[in-house]
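Novice: Following this line is coords_8.cif, made up of mmCIF, C-alpha atoms:
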data_entry
loop_
_atom_site.label_atom_id
_atom_site.label_comp_id
_atom_site.auth_asym_id
_atom_site.auth_seq_id
_atom_site.Cartn_x
_atom_site.Cartn_y
_atom_site.Cartn_z
CA MET A 1 4.63 -5.19 -19.77
CA SER A 2 6.91 -4.90 -22.77
CA ALA A 3 6.12 -6.74 -26.01
CA PRO A 4 7.82 -10.09 -26.49
CA PRO A 5 10.94 -10.03 -28.64
CA ASP A 6 10.83 -10.91 -32.32
CA THR A 7 11.77 -14.54 -32.96
CA THR A 8 14.70 -13.39 -35.09
CA THR A 9 16.35 -11.84 -32.03
CA PRO A 10 19.48 -13.78 -31.06
CA PHE A 11 19.21 -15.77 -27.88
CA SER A 12 20.60 -13.94 -24.87
CA PRO A 13 20.33 -15.72 -21.51
CA PRO A 14 18.90 -13.59 -18.70
CA GLY A 15 21.01 -12.74 -15.67
CA PRO A 16 24.75 -12.29 -15.23
CA PRO A 17 27.24 -14.41 -17.20
CA ASN A 18 28.19 -16.36 -14.08
CA LEU A 19 24.58 -17.17 -13.22
CA ALA A 20 25.20 -20.92 -13.07
CA HIS A 21 27.86 -20.37 -10.41
CA THR A 22 25.96 -17.83 -8.30
CA LEU A 23 22.52 -19.47 -8.19
CA GLN A 24 21.92 -20.88 -4.72
CA THR A 25 20.19 -24.24 -4.52
CA ARG A 26 18.64 -26.40 -1.85
CA ARG A 27 18.23 -30.15 -1.81
CA GLY A 28 15.13 -31.97 -3.09
CA GLY A 29 11.52 -31.92 -2.03
CA ALA A 30 8.45 -30.74 -3.88
CA VAL A 31 8.45 -27.35 -5.59
CA PRO A 32 6.44 -25.09 -3.24
CA GLY A 33 3.05 -24.27 -4.72
CA LEU A 34 3.31 -26.83 -7.53
CA ARG A 35 -0.01 -28.60 -8.05
CA HIS A 36 0.34 -32.37 -7.90
CA GLN A 37 -1.45 -35.46 -6.65
CA PRO A 38 0.00 -38.04 -4.24
CA ALA A 39 1.69 -41.01 -5.88
CA VAL A 40 1.21 -44.67 -5.07
CA PRO A 41 4.34 -45.62 -3.09
CA ALA A 42 6.91 -47.60 -5.08
CA ASP A 43 7.33 -51.25 -4.05
CA PRO A 44 11.08 -51.52 -3.26
CA VAL A 45 11.15 -55.20 -4.25
CA LYS A 46 9.80 -54.37 -7.71
CA VAL A 47 12.20 -51.43 -8.03
CA GLU A 48 15.21 -53.60 -7.23
CA GLU A 49 14.14 -56.34 -9.64
CA VAL A 50 13.41 -53.95 -12.52
CA ASP A 51 16.76 -52.22 -12.02
CA ARG A 52 18.52 -55.59 -11.94
CA ARG A 53 16.91 -56.64 -15.23
CA LEU A 54 17.62 -53.29 -16.86
CA GLU A 55 21.30 -53.37 -15.94
CA ILE A 56 21.67 -56.89 -17.37
CA TRP A 57 19.92 -55.72 -20.54
CA ALA A 58 22.06 -52.58 -20.90
CA ARG A 59 25.30 -54.48 -20.36
CA GLY A 60 24.26 -57.26 -22.73
CA LEU A 61 23.65 -54.75 -25.53
CA ASP A 62 26.75 -52.68 -24.63
CA LEU A 63 24.54 -49.60 -24.62
CA PHE A 64 27.02 -47.23 -23.02
CA PRO A 65 30.52 -47.12 -21.47
CA GLU A 66 31.13 -48.48 -17.99
CA ALA A 67 31.68 -44.94 -16.70
CA TRP A 68 28.06 -44.09 -17.46
CA PHE A 69 26.63 -46.73 -15.13
CA GLU A 70 26.92 -44.29 -12.22
CA ASP A 71 24.55 -41.97 -14.10
CA PHE A 72 22.32 -44.98 -14.77
CA ALA A 73 22.15 -45.68 -11.03
CA SER A 74 21.37 -42.05 -10.14
CA PHE A 75 18.65 -41.90 -12.78
CA GLN A 76 16.68 -44.56 -10.85
CA VAL A 77 14.90 -45.96 -13.90
CA GLY A 78 13.36 -48.83 -11.97
CA ARG A 79 11.89 -46.54 -9.35
CA ALA A 80 10.60 -44.22 -12.07
CA VAL A 81 8.59 -46.87 -13.91
CA VAL A 82 7.30 -48.51 -10.72
CA LEU A 83 6.02 -45.11 -9.56
CA GLN A 84 4.58 -44.30 -12.98
CA HIS A 85 2.83 -47.64 -13.55
CA PRO A 86 1.46 -48.81 -10.17
CA GLY A 87 -1.21 -50.84 -11.99
CA ALA A 88 1.27 -52.75 -14.18
CA ALA A 89 0.10 -56.26 -15.06
CA ASP A 90 3.49 -57.86 -14.34
CA LEU A 91 7.22 -57.29 -13.96
CA ASP A 92 7.92 -58.06 -17.62
CA ARG A 93 5.77 -55.12 -18.70
CA LEU A 94 7.35 -52.84 -16.11
CA THR A 95 10.77 -53.85 -17.39
CA ALA A 96 9.72 -53.18 -20.99
CA ALA A 97 8.58 -49.68 -19.98
CA GLY A 98 11.95 -49.20 -18.29
CA LYS A 99 13.81 -50.30 -21.43
CA LEU A 100 11.93 -47.79 -23.56
CA LEU A 101 12.52 -45.01 -21.01
CA LEU A 102 16.22 -45.85 -20.88
CA ALA A 103 16.47 -46.07 -24.68
CA GLU A 104 14.81 -42.67 -25.13
CA ASN A 105 17.32 -41.12 -22.74
CA VAL A 106 20.27 -42.80 -24.47
CA VAL A 107 19.12 -41.38 -27.83
CA ASP A 108 18.55 -37.94 -26.30
CA ASP A 109 21.92 -37.84 -24.51
CA CYS A 110 24.01 -39.23 -27.37
CA TYR A 111 22.28 -37.60 -30.32
CA CYS A 112 20.93 -34.32 -28.87
CA GLU A 113 22.52 -33.48 -25.54
CA ASP A 114 25.82 -33.48 -23.64
CA LYS A 115 27.11 -37.01 -24.29
CA GLY A 116 28.16 -36.49 -27.88
CA GLY A 117 25.02 -34.82 -29.23
CA SER A 118 24.81 -31.66 -31.30
CA PRO A 119 22.16 -29.71 -33.22
CA ARG A 120 24.35 -30.05 -36.30
CA GLY A 121 23.31 -33.02 -38.41
CA LEU A 122 20.68 -34.10 -35.87
CA GLY A 123 18.02 -34.83 -38.49
CA GLY A 124 20.16 -37.50 -40.12
CA ARG A 125 20.78 -39.23 -36.79
CA LEU A 126 17.13 -39.08 -35.74
CA ILE A 127 15.78 -40.52 -38.99
CA MET A 128 18.00 -43.56 -38.44
CA ALA A 129 16.77 -43.76 -34.85
CA GLN A 130 13.16 -43.60 -36.03
CA SER A 131 13.82 -46.51 -38.39
CA ALA A 132 14.97 -48.60 -35.40
CA ILE A 133 11.30 -48.83 -34.39
CA ASP A 134 9.71 -48.12 -37.79
CA PRO A 135 11.65 -50.60 -39.94
CA TYR A 136 12.86 -50.14 -43.48
CA HIS A 137 11.07 -52.13 -46.21
CA GLY A 138 12.64 -52.46 -49.62
CA THR A 139 15.17 -54.58 -51.47
CA ALA A 140 16.60 -57.65 -49.78
CA GLU A 141 20.08 -56.12 -49.92
CA GLY A 142 18.83 -52.81 -48.48
CA GLU A 143 16.99 -54.53 -45.63
CA GLU A 144 20.08 -56.57 -44.76
CA GLN A 145 22.20 -53.42 -44.70
CA TRP A 146 19.59 -51.71 -42.54
CA ARG A 147 19.63 -54.61 -40.04
CA HIS A 148 23.41 -54.32 -39.75
CA GLY A 149 23.13 -50.54 -39.46
CA MET A 150 20.77 -50.83 -36.50
CA GLN A 151 23.63 -52.40 -34.53
CA ALA A 152 25.96 -49.46 -35.22
CA ASP A 153 25.75 -47.76 -31.83
CA GLY A 154 24.08 -47.85 -28.43
CA PRO A 155 21.20 -45.50 -29.25
CA LEU A 156 20.11 -47.56 -32.27
CA ARG A 157 20.55 -50.87 -30.43
CA SER A 158 18.59 -49.59 -27.45
CA TYR A 159 15.62 -48.33 -29.52
CA HIS A 160 15.49 -51.46 -31.65
CA ALA A 161 15.73 -53.98 -28.80
CA ALA A 162 13.42 -52.09 -26.42
CA PHE A 163 10.72 -51.72 -29.05
CA GLN A 164 10.88 -55.42 -29.96
CA ASP A 165 10.31 -56.33 -26.31
CA TYR A 166 7.37 -53.94 -26.07
CA ALA A 167 5.82 -55.20 -29.32
CA ALA A 168 5.93 -58.77 -27.96
CA PHE A 169 2.98 -58.00 -25.64
CA ALA A 170 1.42 -54.78 -26.99
CA THR A 171 -1.25 -54.94 -29.70
CA PRO A 172 -0.47 -53.74 -33.25
CA SER A 173 -2.44 -50.53 -32.65
CA GLN A 174 -0.56 -49.87 -29.40
CA THR A 175 2.80 -50.35 -31.11
CA SER A 176 1.70 -48.12 -34.01
CA ARG A 177 0.64 -45.46 -31.50
CA PHE A 178 4.08 -45.58 -29.90
CA VAL A 179 5.88 -45.31 -33.27
CA HIS A 180 3.81 -42.21 -34.06
CA ASP A 181 4.57 -40.64 -30.68
CA ILE A 182 8.31 -41.23 -31.05
CA ALA A 183 8.14 -39.40 -34.39
CA ARG A 184 6.45 -36.50 -32.58
CA LEU A 185 9.26 -36.57 -30.01
CA HIS A 186 11.91 -36.43 -32.74
CA LEU A 187 10.12 -33.49 -34.37
CA GLY A 188 10.31 -31.66 -31.04
CA TYR A 189 14.03 -32.46 -30.76
CA LEU A 190 14.58 -30.94 -34.20
CA ALA A 191 12.68 -27.75 -33.35
CA GLU A 192 14.71 -27.23 -30.18
CA ALA A 193 17.93 -27.95 -32.08
CA ALA A 194 17.00 -25.45 -34.79
CA TRP A 195 16.51 -22.71 -32.20
CA ALA A 196 19.85 -23.57 -30.61
CA GLU A 197 21.67 -23.59 -33.94
CA THR A 198 20.22 -20.24 -35.06
CA ARG A 199 20.38 -18.81 -31.50
CA ASN A 200 16.74 -17.70 -31.60
CA MET A 201 14.60 -17.20 -28.52
CA PRO A 202 11.03 -18.51 -29.01
CA ARG A 203 8.02 -16.74 -27.59
CA VAL A 204 6.50 -18.46 -24.55
CA TRP A 205 3.60 -19.94 -26.54
CA GLU A 206 6.03 -21.19 -29.20
CA TYR A 207 8.15 -22.88 -26.56
CA LEU A 208 5.06 -24.55 -25.10
CA VAL A 209 4.08 -25.81 -28.56
CA MET A 210 7.56 -27.31 -28.97
CA ARG A 211 7.26 -28.99 -25.57
CA GLN A 212 3.98 -30.61 -26.64
CA PHE A 213 6.12 -32.58 -29.10
CA ASN A 214 9.41 -32.80 -27.19
CA ASN A 215 7.84 -34.33 -24.11
CA PHE A 216 7.02 -37.54 -22.24
CA ARG A 217 4.18 -38.60 -24.51
CA PRO A 218 5.86 -41.85 -25.67
CA CYS A 219 6.05 -42.87 -22.01
CA LEU A 220 2.38 -42.13 -21.37
CA SER A 221 1.46 -43.96 -24.59
CA LEU A 222 2.20 -47.18 -22.72
CA VAL A 223 -0.23 -46.87 -19.83
CA ASP A 224 -2.88 -49.24 -21.15
CA ALA A 225 -0.45 -51.81 -22.57
CA VAL A 226 1.61 -51.93 -19.36
CA ASP A 227 -1.56 -52.32 -17.31
CA GLY A 228 -2.65 -55.24 -19.51
CA TYR A 229 -5.54 -53.87 -21.60
CA GLU A 230 -6.12 -51.72 -24.69
CA LEU A 231 -7.98 -48.46 -25.16
CA PRO A 232 -9.31 -49.02 -28.71
CA ASP A 233 -8.15 -46.74 -31.51
CA ALA A 234 -11.67 -45.46 -32.10
CA VAL A 235 -11.78 -44.21 -28.50
CA TYR A 236 -8.15 -43.10 -28.24
CA ALA A 237 -8.52 -40.97 -31.39
CA ARG A 238 -11.48 -38.97 -30.05
CA PRO A 239 -10.55 -35.26 -29.72
CA GLU A 240 -11.45 -35.11 -26.03
CA ILE A 241 -9.25 -38.14 -25.26
CA GLN A 242 -6.42 -36.64 -27.29
CA ARG A 243 -6.82 -33.39 -25.36
CA ILE A 244 -6.56 -34.91 -21.89
CA THR A 245 -3.63 -37.02 -23.07
CA ALA A 246 -1.86 -33.89 -24.35
CA LEU A 247 -2.64 -31.98 -21.14
CA ALA A 248 -1.21 -34.80 -19.01
CA CYS A 249 1.94 -34.97 -21.15
CA ASN A 250 2.40 -31.20 -21.16
CA ALA A 251 1.94 -30.85 -17.41
CA THR A 252 4.38 -33.61 -16.56
CA THR A 253 6.96 -32.27 -19.02
CA LEU A 254 6.85 -28.85 -17.38
CA VAL A 255 7.47 -30.63 -14.07
CA ASN A 256 10.75 -31.73 -15.64
CA ASP A 257 11.55 -28.15 -16.69
CA LEU A 258 11.07 -26.96 -13.12
CA TYR A 259 12.99 -29.73 -11.34
CA SER A 260 15.87 -29.84 -13.85
CA PHE A 261 16.21 -26.04 -13.96
CA THR A 262 19.37 -25.69 -11.84
CA LYS A 263 20.93 -28.84 -13.32
CA GLU A 264 20.52 -27.50 -16.85
CA LEU A 265 21.84 -24.04 -15.93
CA ALA A 266 24.94 -25.60 -14.40
CA ASN A 267 25.59 -27.65 -17.55
CA ASP A 268 24.69 -24.94 -20.08
CA PRO A 269 23.47 -21.45 -19.10
CA THR A 270 21.86 -21.03 -22.55
CA HIS A 271 19.81 -24.25 -22.42
CA LEU A 272 16.14 -23.55 -23.06
CA ASN A 273 13.55 -24.34 -20.41
CA LEU A 274 10.33 -22.60 -19.49
CA PRO A 275 11.75 -20.22 -16.83
CA GLN A 276 14.52 -19.13 -19.21
CA VAL A 277 12.00 -18.43 -21.99
CA VAL A 278 9.64 -16.53 -19.66
CA ALA A 279 12.55 -14.43 -18.32
CA ALA A 280 13.77 -13.52 -21.80
CA ASN A 281 10.33 -12.64 -23.13
CA GLU A 282 9.09 -10.69 -20.11
CA ARG A 283 12.41 -9.06 -19.30
CA CYS A 284 12.28 -10.26 -15.72
CA GLY A 285 14.61 -12.08 -13.38
CA LEU A 286 14.80 -15.83 -13.20
CA LYS A 287 13.05 -16.01 -9.82
CA ALA A 288 9.96 -14.21 -11.13
CA ALA A 289 10.10 -16.28 -14.31
CA TYR A 290 10.39 -19.54 -12.36
CA LEU A 291 7.39 -18.68 -10.16
CA LYS A 292 5.34 -17.74 -13.23
CA SER A 293 6.33 -21.07 -14.79
CA VAL A 294 4.88 -22.82 -11.73
CA ASP A 295 1.61 -20.99 -12.41
CA ILE A 296 1.65 -22.06 -16.07
CA HIS A 297 2.14 -25.68 -15.04
CA ASN A 298 -0.63 -25.43 -12.47
CA GLU A 299 -3.12 -24.11 -15.01
CA ILE A 300 -2.39 -27.03 -17.35
CA GLN A 301 -2.45 -29.58 -14.52
CA THR A 302 -5.79 -28.23 -13.27
CA ALA A 303 -7.29 -28.43 -16.77
CA PHE A 304 -6.13 -32.03 -17.05
CA GLU A 305 -7.58 -33.04 -13.69
CA GLU A 306 -10.95 -31.34 -14.28
CA GLU A 307 -11.46 -32.51 -17.87
CA ALA A 308 -10.20 -36.02 -17.15
CA ALA A 309 -12.64 -36.34 -14.26
CA LEU A 310 -15.55 -35.46 -16.54
CA LEU A 311 -14.44 -37.93 -19.23
CA SER A 312 -14.13 -40.75 -16.70
CA ALA A 313 -17.90 -41.03 -16.76
CA MET A 314 -17.81 -41.94 -20.48
CA SER A 315 -17.11 -45.65 -19.83
CA PRO A 316 -15.25 -47.95 -17.40
CA LEU A 317 -12.48 -48.33 -20.01
CA VAL A 318 -11.99 -44.57 -20.34
CA GLU A 319 -12.06 -44.30 -16.54
CA ARG A 320 -9.26 -46.88 -16.40
CA TYR A 321 -7.25 -44.98 -19.01
CA VAL A 322 -7.72 -41.69 -17.13
CA GLN A 323 -6.54 -43.40 -13.96
CA GLY A 324 -3.44 -44.65 -15.80
CA LEU A 325 -2.61 -41.15 -17.03
CA SER A 326 -3.21 -39.67 -13.58
CA THR A 327 -1.02 -42.17 -11.75
CA TRP A 328 1.74 -41.73 -14.35
CA VAL A 329 1.69 -37.94 -13.83
CA ALA A 330 1.65 -38.33 -10.03
CA GLY A 331 4.41 -40.95 -10.04
CA ASN A 332 6.59 -38.88 -12.34
CA HIS A 333 6.27 -35.89 -10.03
CA GLU A 334 7.18 -38.04 -7.03
CA TRP A 335 10.26 -39.36 -8.85
CA HIS A 336 11.44 -35.81 -9.61
CA ALA A 337 10.69 -34.47 -6.14
CA THR A 338 12.53 -37.26 -4.33
CA ASN A 339 15.51 -37.78 -6.68
CA SER A 340 17.87 -35.48 -4.80
CA ARG A 341 20.94 -37.12 -6.36
CA ARG A 342 19.81 -35.74 -9.70
CA TYR A 343 17.80 -32.58 -8.96
CA HIS A 344 18.16 -29.56 -6.69
CA LEU A 345 15.67 -26.72 -6.43
CA PRO A 346 16.61 -23.05 -6.77
CA ASN A 347 16.51 -21.21 -3.45
CA TYR A 348 13.55 -19.00 -4.42
CA TRP A 349 11.36 -19.38 -1.30
#
Using the file provided, produce a representation of the structure as structure tokens.
Specialist:
Amino acid sequence: MSAPPDTTTPFSPPGPPNLAHTLQTRRGGAVPGLRHQPAVPADPVKVEEVDRRLEIWARGLDLFPEAWFEDFASFQVGRAVVLQHPGAADLDRLTAAGKLLLAENVVDDCYCEDKGGSPRGLGGRLIMAQSAIDPYHGTAEGEEQWRHGMQADGPLRSYHAAFQDYAAFATPSQTSRFVHDIARLHLGYLAEAAWAETRNMPRVWEYLVMRQFNNFRPCLSLVDAVDGYELPDAVYARPEIQRITALACNATTLVNDLYSFTKELANDPTHLNLPQVVAANERCGLKAAYLKSVDIHNEIQTAFEEEAALLSAMSPLVERYVQGLSTWVAGNHEWHATNSRRYHLPNYW
């Protein structure tokens, strides 16, 4: 096997230039061979009610143009959070989780991705977004200007309003945890943007490190608050709890890489995801790289399941937290595997 390229090597997507047009796809279903656990079925009544509340909320805050509501419907936010939080204490908490999920996607799309985003100047936009949930403290005049600034656009309004709703029922330590995890997410956005701007291809391990920050961790940070209890800071901070949390977040984020693979190629053939990075580093075709990426996910998922099972014996509270992580991971996989309006698999089997 050849040595991986130096990180100063310009990014060059594997395959022919018209790859996005020649790649055959098939409709949804689970990725063959992908390790996952069965999800608790989503209650359609809850899904409908959460979606209804989220649409009212989005329209009331004027979060995005009318034309984007078709994308909102295909995203199936309500179904996502109902699948991810089957133990939710009530509909209000499910809706709050949906607001945060929607807000994170609005920020990502408008600041980073294809709905007005760009790597150029991203840091300035993201620091304002971070302040929407981590408020400015200073002079009276400065705070008043900040409050007006937080109404400047949909991404800022969505972060600010969603976080306020979450903080209304979460404990101070749970809200602080979420603020920290959003900062981690923004750091990951900036790393990915830097690679795009300099056209550098990361090594596989470097890409996986980036994805440990640019991942679903803010969503999994909510599992105890949405279920109506708190895993205390002293327990949450333990290295073994942090490790299983990171493993769960990393595994479920690679699920997204695999299911969104053809969608991302169609939109931008140079967009980084795990199969693209494996292909470039190992000088192999995308099919071989995709199948190896399934193996990488499976190794991480297996480590999460085995280590989480051992930690469950620590206490009933840790067992409950492990169950929340596990059902989130399973529900997220189910949402990806069954959302055929959004995702199509490559025809590699």
Novice: Write out, as JSON lines, each residue of range 284-340 of chain A that has an atom at most 9 Å from range 257-268 of chain A, together with the closest pair of atoms and their distance in Å to one decimal, counting all atoms listed in the file, rows going by chain and rising number.
Specialist:
{"residue": "A:Tyr290", "atom": "CA", "partner": "A:Leu258", "partner_atom": "CA", "distance": 7.5}
{"residue": "A:Ser293", "atom": "CA", "partner": "A:Leu258", "partner_atom": "CA", "distance": 7.7}
{"residue": "A:Val294", "atom": "CA", "partner": "A:Leu258", "partner_atom": "CA", "distance": 7.6}
{"residue": "A:His336", "atom": "CA", "partner": "A:Tyr259", "partner_atom": "CA", "distance": 6.5}
{"residue": "A:Ala337", "atom": "CA", "partner": "A:Tyr259", "partner_atom": "CA", "distance": 7.4}
Novice: Pick the closest to Lys99 in chain A from A:Gln84, A:Gln164, A:Asn250, A:Ser118: which is it, counting all atoms listed in the file?
Specialist: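 Checking each candidate against Lys99 in chain A, we get A:Gln164 as the closest.
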Novice: Given the PyMOL selection byres ((chain A and resi 300) around 12) and the file above, list the residues it selects as number ranges by chain.
Specialist: A: 34-36, 208, 212, 243-255, 293-299, 301-308
Novice: Hey, what comes out of the PyMOL selection byres ((chain A and resi 58-67) around 9) on this file? Could you write it as a PyMOL selection string?
Specialist: chain A and resi 53-57+68-71+99+102-103+106+153-155+157-158+161
Novice: Might you spell out which residues the PyMOL selection byres ((chain A and resi 312) around 12) would select in the displayed file, as a tab-separated table (two decimals) with C-alpha atoms, in the frame of the given file?
Specialist:
chain	number	residue	atom	x	y	z
A	240	GLU	CA	-11.45	-35.11	-26.03
A	241	ILE	CA	-9.25	-38.14	-25.26
A	244	ILE	CA	-6.56	-34.91	-21.89
A	304	PHE	CA	-6.13	-32.03	-17.05
A	305	GLU	CA	-7.58	-33.04	-13.69
A	306	GLU	CA	-10.95	-31.34	-14.28
A	307	GLU	CA	-11.46	-32.51	-17.87
A	308	ALA	CA	-10.20	-36.02	-17.15
A	309	ALA	CA	-12.64	-36.34	-14.26
A	310	LEU	CA	-15.55	-35.46	-16.54
A	311	LEU	CA	-14.44	-37.93	-19.23
A	313	ALA	CA	-17.90	-41.03	-16.76
A	314	MET	CA	-17.81	-41.94	-20.48
A	315	SER	CA	-17.11	-45.65	-19.83
A	316	PRO	CA	-15.25	-47.95	-17.40
A	317	LEU	CA	-12.48	-48.33	-20.01
A	318	VAL	CA	-11.99	-44.57	-20.34
A	319	GLU	CA	-12.06	-44.30	-16.54
A	320	ARG	CA	-9.26	-46.88	-16.40
A	321	TYR	CA	-7.25	-44.98	-19.01
A	322	VAL	CA	-7.72	-41.69	-17.13
A	323	GLN	CA	-6.54	-43.40	-13.96
A	324	GLY	CA	-3.44	-44.65	-15.80
A	325	LEU	CA	-2.61	-41.15	-17.03
A	326	SER	CA	-3.21	-39.67	-13.58
Novice: Please identify all polymer residues within 12 Å of Tyr136 in chain A, counting all atoms listed in the file, omitting same-chain residues fewer than 6 positions from it, and present them as a PDB file with C-alpha atoms, in the frame of the given file.
Specialist:
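Once written, around.pdb looks like this:
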ATOM      1  CA  ILE A 127      15.780 -40.520 -38.990  1.00  0.00           C
ATOM      2  CA  MET A 128      18.000 -43.560 -38.440  1.00  0.00           C
ATOM      3  CA  ALA A 129      16.770 -43.760 -34.850  1.00  0.00           C
ATOM      4  CA  GLN A 130      13.160 -43.600 -36.030  1.00  0.00           C
ATOM      5  CA  GLY A 142      18.830 -52.810 -48.480  1.00  0.00           C
ATOM      6  CA  GLU A 143      16.990 -54.530 -45.630  1.00  0.00           C
ATOM      7  CA  GLU A 144      20.080 -56.570 -44.760  1.00  0.00           C
ATOM      8  CA  GLN A 145      22.200 -53.420 -44.700  1.00  0.00           C
ATOM      9  CA  TRP A 146      19.590 -51.710 -42.540  1.00  0.00           C
ATOM     10  CA  ARG A 147      19.630 -54.610 -40.040  1.00  0.00           C
ATOM     11  CA  HIS A 148      23.410 -54.320 -39.750  1.00  0.00           C
ATOM     12  CA  GLY A 149      23.130 -50.540 -39.460  1.00  0.00           C
ATOM     13  CA  MET A 150      20.770 -50.830 -36.500  1.00  0.00           C
TER      14      MET A 150
END
Novice: May I ask for the distance between CA of Leu100 in chain A and CA of Ala162 in chain A, given in Å to one decimal place?
Specialist: 5.4 Å
Novice: Please determine the residues with any atom at most 7 Å from (3.5, -19.5, -4.9) (coordinates as given in the file, with only C-alpha atoms counting) and report them as a compact mmCIF listing (two decimals) with C-alpha atoms, in the coordinates of the input.
Specialist:
# COMPACT_ATOMS: atom_id res chain seq x y z
CA PRO A 32 6.44 -25.09 -3.24
CA GLY A 33 3.05 -24.27 -4.72
CA LEU A 291 7.39 -18.68 -10.16
Novice: Show which residues sit within 9 Å of Phe75 in chain A, as a list in words. Count all atoms listed in the file, and ignore same-chain residues fewer than 4 positions away.
Specialist: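 Final neighbour list, sorted by chain and number: Glu70, Asp71, Arg79, Ala80, Asn339, Arg341 and Arg342 of chain A.
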Novice: I'd like the interatomic distance between CA of Tyr111 in chain A and CA of Arg125 in chain A, to a tenth of an Å.
Specialist: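 Computing the Euclidean distance for CA of Tyr111 in chain A and CA of Arg125 in chain A yields 6.8 Å.
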Novice: Which residue, A:Ser173, A:Asn214, A:Thr270, A:Asn200, has the smallest gap to Asp233 in chain A when you use all atoms listed in the file?
Specialist: A:Ser173
Novice: Quick one: pull the distance between CA of Leu122 in chain A and CA of Ala279 in chain A, Å, one decimal.
Specialist: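 That distance, rounded to one decimal, is 27.6 Å.
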